[in-house]
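What follows is my_file.cif (mmCIF, C-alpha atoms).
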data_query
#
loop_
_atom_site.label_atom_id
_atom_site.label_comp_id
_atom_site.auth_asym_id
_atom_site.auth_seq_id
_atom_site.Cartn_x
_atom_site.Cartn_y
_atom_site.Cartn_z
CA MET A 1 24.63 -54.61 -14.55
CA SER A 2 21.77 -52.69 -16.15
CA ASP A 3 21.03 -48.99 -15.81
CA LEU A 4 19.82 -48.33 -12.26
CA ALA A 5 18.88 -44.66 -12.75
CA SER A 6 15.14 -45.30 -12.50
CA ARG A 7 15.67 -47.52 -9.42
CA ARG A 8 17.80 -44.78 -7.88
CA ARG A 9 15.07 -42.19 -8.54
CA ILE A 10 12.35 -44.35 -6.99
CA ALA A 11 14.56 -45.18 -4.00
CA ALA A 12 15.28 -41.46 -3.50
CA ALA A 13 11.56 -40.71 -3.48
CA VAL A 14 10.92 -43.47 -0.93
CA LEU A 15 13.86 -42.43 1.26
CA LYS A 16 12.90 -38.73 0.91
CA CYS A 17 16.42 -37.72 -0.06
CA GLY A 18 18.33 -36.67 -3.16
CA VAL A 19 19.31 -39.09 -5.91
CA ASN A 20 23.01 -38.67 -5.17
CA ARG A 21 22.58 -39.75 -1.54
CA VAL A 22 21.09 -43.15 -2.46
CA TRP A 23 23.48 -46.06 -1.80
CA PHE A 24 23.01 -49.51 -3.35
CA ASP A 25 24.69 -52.57 -1.85
CA PRO A 26 26.89 -53.95 -4.68
CA GLU A 27 26.32 -57.53 -3.51
CA LYS A 28 22.52 -57.17 -3.88
CA ALA A 29 22.70 -55.61 -7.35
CA THR A 30 20.63 -58.34 -9.02
CA GLU A 31 17.82 -57.98 -6.46
CA ILE A 32 17.83 -54.20 -6.99
CA GLU A 33 17.65 -54.72 -10.78
CA ASN A 34 14.57 -56.93 -10.34
CA ALA A 35 12.82 -54.45 -8.04
CA ILE A 36 10.36 -52.41 -10.06
CA SER A 37 7.77 -51.07 -7.63
CA ARG A 38 7.99 -48.77 -4.61
CA ALA A 39 6.94 -51.71 -2.44
CA ASP A 40 9.97 -53.67 -3.70
CA MET A 41 12.16 -50.67 -2.88
CA ARG A 42 10.72 -50.42 0.64
CA GLU A 43 11.48 -54.11 1.13
CA LEU A 44 15.11 -53.65 0.03
CA ILE A 45 15.44 -50.57 2.25
CA GLY A 46 14.20 -52.66 5.18
CA GLU A 47 16.79 -55.36 4.38
CA GLY A 48 19.57 -52.73 4.23
CA ALA A 49 20.38 -53.26 0.55
CA ILE A 50 19.43 -49.64 -0.16
CA ARG A 51 20.02 -46.73 2.19
CA ALA A 52 20.59 -42.99 2.23
CA ARG A 53 24.12 -41.73 2.75
CA PRO A 54 24.50 -39.19 5.59
CA LYS A 55 24.17 -35.51 4.75
CA LYS A 56 27.40 -33.63 4.24
CA GLY A 57 27.58 -30.53 6.38
CA VAL A 58 29.93 -27.58 6.56
CA SER A 59 32.22 -27.80 9.56
CA ARG A 60 31.95 -24.93 12.08
CA GLY A 61 35.36 -25.74 13.57
CA ARG A 62 37.27 -23.09 11.62
CA ALA A 63 34.56 -20.49 12.36
CA ARG A 64 34.74 -21.25 16.09
CA ALA A 65 38.53 -20.87 16.05
CA ARG A 66 38.18 -17.53 14.24
CA PHE A 67 35.61 -16.21 16.74
CA ALA A 68 37.83 -17.32 19.63
CA LYS A 69 40.73 -15.32 18.21
CA ARG A 70 38.54 -12.28 17.64
CA SER A 71 37.29 -12.46 21.22
CA TYR A 72 40.78 -11.60 22.45
CA GLY A 73 41.49 -8.99 19.79
CA HIS A 74 43.17 -10.88 16.95
CA ARG A 75 42.06 -10.46 13.31
CA LYS A 76 40.62 -7.02 14.06
CA GLY A 77 43.35 -4.77 12.67
CA TYR A 78 42.99 -1.83 10.28
CA GLY A 79 43.15 -4.08 7.21
CA ARG A 80 40.11 -6.05 8.38
CA ARG A 81 37.85 -3.05 8.98
CA LYS A 82 35.26 -1.93 6.47
CA GLY A 83 33.06 0.55 8.33
CA ALA A 84 33.99 3.69 10.23
CA ALA A 85 34.39 3.53 14.01
CA GLY A 86 30.88 4.91 14.40
CA ALA A 87 29.50 2.17 12.18
CA ARG A 88 31.32 -0.67 13.94
CA THR A 89 30.22 0.50 17.40
CA PRO A 90 27.54 3.17 17.04
CA SER A 91 27.79 6.06 19.48
CA LYS A 92 24.39 5.16 20.89
CA ARG A 93 25.51 1.60 21.70
CA ALA A 94 28.69 2.97 23.33
CA TRP A 95 26.58 5.37 25.41
CA ILE A 96 24.22 2.59 26.47
CA GLN A 97 27.15 0.42 27.65
CA LYS A 98 28.70 3.32 29.53
CA ILE A 99 25.54 4.59 31.25
CA ARG A 100 24.46 1.07 32.27
CA ALA A 101 27.84 0.45 33.90
CA ILE A 102 27.73 3.78 35.76
CA ARG A 103 24.14 3.30 36.94
CA LYS A 104 24.86 -0.23 38.13
CA VAL A 105 27.76 1.04 40.27
CA LEU A 106 25.62 3.92 41.59
CA VAL A 107 22.89 1.49 42.71
CA GLU A 108 25.50 -0.70 44.45
CA LEU A 109 27.00 2.33 46.23
CA ARG A 110 23.55 3.49 47.36
CA ASP A 111 22.48 0.04 48.55
CA ASP A 112 25.64 -0.62 50.58
CA GLY A 113 25.43 2.82 52.19
CA THR A 114 28.53 4.41 50.66
CA ILE A 115 26.37 7.28 49.38
CA ASP A 116 22.99 8.49 50.59
CA ARG A 117 19.87 8.93 48.44
CA HIS A 118 20.53 12.63 47.87
CA HIS A 119 24.07 12.10 46.52
CA TYR A 120 22.87 9.11 44.50
CA ARG A 121 20.32 11.33 42.77
CA VAL A 122 22.89 14.11 42.13
CA LEU A 123 25.40 11.65 40.65
CA TYR A 124 22.68 9.90 38.64
CA ARG A 125 21.58 13.15 37.00
CA ARG A 126 25.18 14.15 36.26
CA ALA A 127 25.80 10.77 34.66
CA ALA A 128 22.67 11.19 32.55
CA GLY A 129 24.00 14.57 31.45
CA GLY A 130 27.20 12.95 30.19
CA GLN A 131 29.50 14.44 32.79
CA TYR A 132 31.44 11.19 33.39
CA ARG A 133 33.64 9.39 30.87
CA ASN A 134 33.45 6.07 32.69
CA VAL A 135 32.99 4.49 36.13
CA ALA A 136 36.51 5.42 37.31
CA HIS A 137 35.98 9.06 36.33
CA MET A 138 32.64 9.11 38.18
CA LYS A 139 34.22 7.60 41.32
CA ALA A 140 36.99 10.20 41.28
CA GLN A 141 34.44 13.02 40.97
CA MET A 142 32.27 11.38 43.62
CA GLU A 143 35.13 11.51 46.15
CA LEU A 144 35.28 15.28 45.66
CA LEU A 145 31.49 15.77 45.84
CA VAL A 146 30.76 13.46 48.77
CA GLY A 147 33.97 14.41 50.61
CA ARG A 148 33.27 18.14 50.69
CA ASN A 149 29.65 17.68 51.84
CA ARG A 150 30.57 15.65 54.94
#

With the file now loaded, output its structure as structure tokens.
Amino acid sequence: MSDLASRRRIAAAVLKCGVNRVWFDPEKATEIENAISRADMRELIGEGAIRARPKKGVSRGRARARFAKRSYGHRKGYGRRKGAAGARTPSKRAWIQKIRAIRKVLVELRDDGTIDRHHYRVLYRRAAGGQYRNVAHMKAQMELLVGRNR
């Protein structure tokens, strides 16, 4: 069998793929040797004597397994951490999460009638001022505020 490097290069150009992905049918080797033009190559590609091998990808399976473990706290220990706590979860992001949770609960309490508009506004402003650590802390303080004003 003669050198098929030039045939492989032409076939790669026709198939629009890399040279290493070109596959020649060993049984049609003589026909491939005789093919010299791009038209001949197209004909052989149509017959199935020449084709492009599938692309090799990188499997995401291991990455998905790793993310699944991290979602429930594994692989997040001290040895895995590079940045400081404030770099991993910036204080602004922590504040945003906290204030959104508190405001969402306040709106629910106002809409279902647990608190009136006046107490909603008082609690809202206190939350904005950073008086509550979390929703549970706000609810505990709310019991005292709303309870004594009734």

Reference answer for the PyMOL selection byres ((chain A and resi 89-99) around 8), as a PyMOL selection string
chain A and resi 85-88+100-103+127-128+133-135

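Atom to atom, CA of Asp25 in chain A and CA of Arg7 in chain A stand 12.8 Å apart.
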
Quick one: everything within 9 Å of Met41 in chain A, counting all atoms listed in the file, minus sequence neighbours fewer than 2 positions away in the same chain. Send it as a PyMOL selection string.
chain A and resi 7+10-11+14+32+35-39+43-46+50

Would you mind reading off the distance between CA of Lys28 in chain A and CA of Arg42 in chain A, one decimal, in Å?
14.3 Å

Polymer residues at most 10 Å from range 108-120 of chain A, only C-alpha atoms, same-chain spacing of 6 or more positions, as an mmCIF file with C-alpha atoms, in the frame of the given file:
data_model
loop_
_atom_site.group_PDB
_atom_site.id
_atom_site.type_symbol
_atom_site.label_atom_id
_atom_site.label_comp_id
_atom_site.auth_asym_id
_atom_site.auth_seq_id
_atom_site.Cartn_x
_atom_site.Cartn_y
_atom_site.Cartn_z
ATOM 1 C CA ARG A 126 25.180 14.150 36.260
ATOM 2 C CA MET A 142 32.270 11.380 43.620
ATOM 3 C CA LEU A 145 31.490 15.770 45.840
ATOM 4 C CA VAL A 146 30.760 13.460 48.770
ATOM 5 C CA ASN A 149 29.650 17.680 51.840
#

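The coordinates place CA of Asp40 in chain A at 24.6 Å from CA of Lys55 in chain A.
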
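The set of residues that the PyMOL selection byres ((chain A and resi 21) around 9) takes from this file is Ala12, Cys17, Gly18, Val19, Asn20, Val22, Trp23, Arg51, Ala52, Arg53, Pro54 and Lys55 of chain A.
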
Centre, x/y/z edge lengths, axis-aligned box for range 89-101 of chain A with 8 Å per side, as AutoDock Vina command-line options:
--center_x 27.2 --center_y 3.2 --center_z 25.5 --size_x 22.0 --size_y 21.6 --size_z 32.9

Since fewer atoms than expected are present, regenerate N, CA and C atoms for range 52-76 of chain A and write them as a PDB file, in the coordinates of the input.
ATOM      1  N   ALA A  52      20.175 -44.363   2.552  1.00  0.00           N
ATOM      2  CA  ALA A  52      20.590 -42.990   2.230  1.00  0.00           C
ATOM      3  C   ALA A  52      21.917 -42.705   2.918  1.00  0.00           C
ATOM      4  N   ARG A  53      22.841 -42.149   2.157  1.00  0.00           N
ATOM      5  CA  ARG A  53      24.120 -41.730   2.750  1.00  0.00           C
ATOM      6  C   ARG A  53      23.869 -40.538   3.669  1.00  0.00           C
ATOM      7  N   PRO A  54      24.708 -40.344   4.702  1.00  0.00           N
ATOM      8  CA  PRO A  54      24.500 -39.190   5.590  1.00  0.00           C
ATOM      9  C   PRO A  54      24.706 -37.868   4.856  1.00  0.00           C
ATOM     10  N   LYS A  55      24.018 -36.841   5.327  1.00  0.00           N
ATOM     11  CA  LYS A  55      24.170 -35.510   4.750  1.00  0.00           C
ATOM     12  C   LYS A  55      25.575 -34.990   5.021  1.00  0.00           C
ATOM     13  N   LYS A  56      26.103 -34.275   4.044  1.00  0.00           N
ATOM     14  CA  LYS A  56      27.400 -33.630   4.240  1.00  0.00           C
ATOM     15  C   LYS A  56      27.145 -32.218   4.731  1.00  0.00           C
ATOM     16  N   GLY A  57      27.746 -31.870   5.830  1.00  0.00           N
ATOM     17  CA  GLY A  57      27.580 -30.530   6.380  1.00  0.00           C
ATOM     18  C   GLY A  57      28.852 -29.716   6.217  1.00  0.00           C
ATOM     19  N   VAL A  58      28.754 -28.452   6.561  1.00  0.00           N
ATOM     20  CA  VAL A  58      29.930 -27.580   6.560  1.00  0.00           C
ATOM     21  C   VAL A  58      30.408 -27.472   7.995  1.00  0.00           C
ATOM     22  N   SER A  59      31.665 -27.795   8.213  1.00  0.00           N
ATOM     23  CA  SER A  59      32.220 -27.800   9.560  1.00  0.00           C
ATOM     24  C   SER A  59      32.288 -26.384  10.132  1.00  0.00           C
ATOM     25  N   ARG A  60      31.873 -26.229  11.402  1.00  0.00           N
ATOM     26  CA  ARG A  60      31.950 -24.930  12.080  1.00  0.00           C
ATOM     27  C   ARG A  60      33.261 -24.769  12.852  1.00  0.00           C
ATOM     28  N   GLY A  61      34.130 -25.772  12.792  1.00  0.00           N
ATOM     29  CA  GLY A  61      35.360 -25.740  13.570  1.00  0.00           C
ATOM     30  C   GLY A  61      36.228 -24.530  13.283  1.00  0.00           C
ATOM     31  N   ARG A  62      36.430 -24.240  11.997  1.00  0.00           N
ATOM     32  CA  ARG A  62      37.270 -23.090  11.620  1.00  0.00           C
ATOM     33  C   ARG A  62      36.616 -21.792  12.065  1.00  0.00           C
ATOM     34  N   ALA A  63      35.284 -21.703  11.946  1.00  0.00           N
ATOM     35  CA  ALA A  63      34.560 -20.490  12.360  1.00  0.00           C
ATOM     36  C   ALA A  63      34.701 -20.279  13.860  1.00  0.00           C
ATOM     37  N   ARG A  64      34.595 -21.366  14.639  1.00  0.00           N
ATOM     38  CA  ARG A  64      34.740 -21.250  16.090  1.00  0.00           C
ATOM     39  C   ARG A  64      36.131 -20.779  16.470  1.00  0.00           C
ATOM     40  N   ALA A  65      37.142 -21.291  15.780  1.00  0.00           N
ATOM     41  CA  ALA A  65      38.530 -20.870  16.050  1.00  0.00           C
ATOM     42  C   ALA A  65      38.696 -19.389  15.743  1.00  0.00           C
ATOM     43  N   ARG A  66      38.081 -18.936  14.641  1.00  0.00           N
ATOM     44  CA  ARG A  66      38.180 -17.530  14.240  1.00  0.00           C
ATOM     45  C   ARG A  66      37.511 -16.621  15.264  1.00  0.00           C
ATOM     46  N   PHE A  67      36.308 -17.010  15.737  1.00  0.00           N
ATOM     47  CA  PHE A  67      35.610 -16.210  16.740  1.00  0.00           C
ATOM     48  C   PHE A  67      36.383 -16.167  18.046  1.00  0.00           C
ATOM     49  N   ALA A  68      37.023 -17.285  18.398  1.00  0.00           N
ATOM     50  CA  ALA A  68      37.830 -17.320  19.630  1.00  0.00           C
ATOM     51  C   ALA A  68      38.971 -16.325  19.534  1.00  0.00           C
ATOM     52  N   LYS A  69      39.632 -16.275  18.376  1.00  0.00           N
ATOM     53  CA  LYS A  69      40.730 -15.320  18.210  1.00  0.00           C
ATOM     54  C   LYS A  69      40.233 -13.886  18.262  1.00  0.00           C
ATOM     55  N   ARG A  70      39.081 -13.639  17.631  1.00  0.00           N
ATOM     56  CA  ARG A  70      38.540 -12.280  17.640  1.00  0.00           C
ATOM     57  C   ARG A  70      38.132 -11.852  19.042  1.00  0.00           C
ATOM     58  N   SER A  71      37.732 -12.807  19.876  1.00  0.00           N
ATOM     59  CA  SER A  71      37.290 -12.460  21.220  1.00  0.00           C
ATOM     60  C   SER A  71      38.430 -11.863  22.041  1.00  0.00           C
ATOM     61  N   TYR A  72      39.680 -12.252  21.726  1.00  0.00           N
ATOM     62  CA  TYR A  72      40.780 -11.600  22.450  1.00  0.00           C
ATOM     63  C   TYR A  72      41.587 -10.665  21.552  1.00  0.00           C
ATOM     64  N   GLY A  73      40.934 -10.136  20.502  1.00  0.00           N
ATOM     65  CA  GLY A  73      41.490  -8.990  19.790  1.00  0.00           C
ATOM     66  C   GLY A  73      42.247  -9.304  18.515  1.00  0.00           C
ATOM     67  N   HIS A  74      42.461 -10.576  18.179  1.00  0.00           N
ATOM     68  CA  HIS A  74      43.170 -10.880  16.950  1.00  0.00           C
ATOM     69  C   HIS A  74      42.233 -10.730  15.755  1.00  0.00           C
ATOM     70  N   ARG A  75      42.810 -10.577  14.578  1.00  0.00           N
ATOM     71  CA  ARG A  75      42.060 -10.460  13.310  1.00  0.00           C
ATOM     72  C   ARG A  75      41.115  -9.263  13.310  1.00  0.00           C
ATOM     73  N   LYS A  76      41.472  -8.196  14.003  1.00  0.00           N
ATOM     74  CA  LYS A  76      40.620  -7.020  14.060  1.00  0.00           C
ATOM     75  C   LYS A  76      41.378  -5.751  13.680  1.00  0.00           C
TER      76      LYS A  76
END
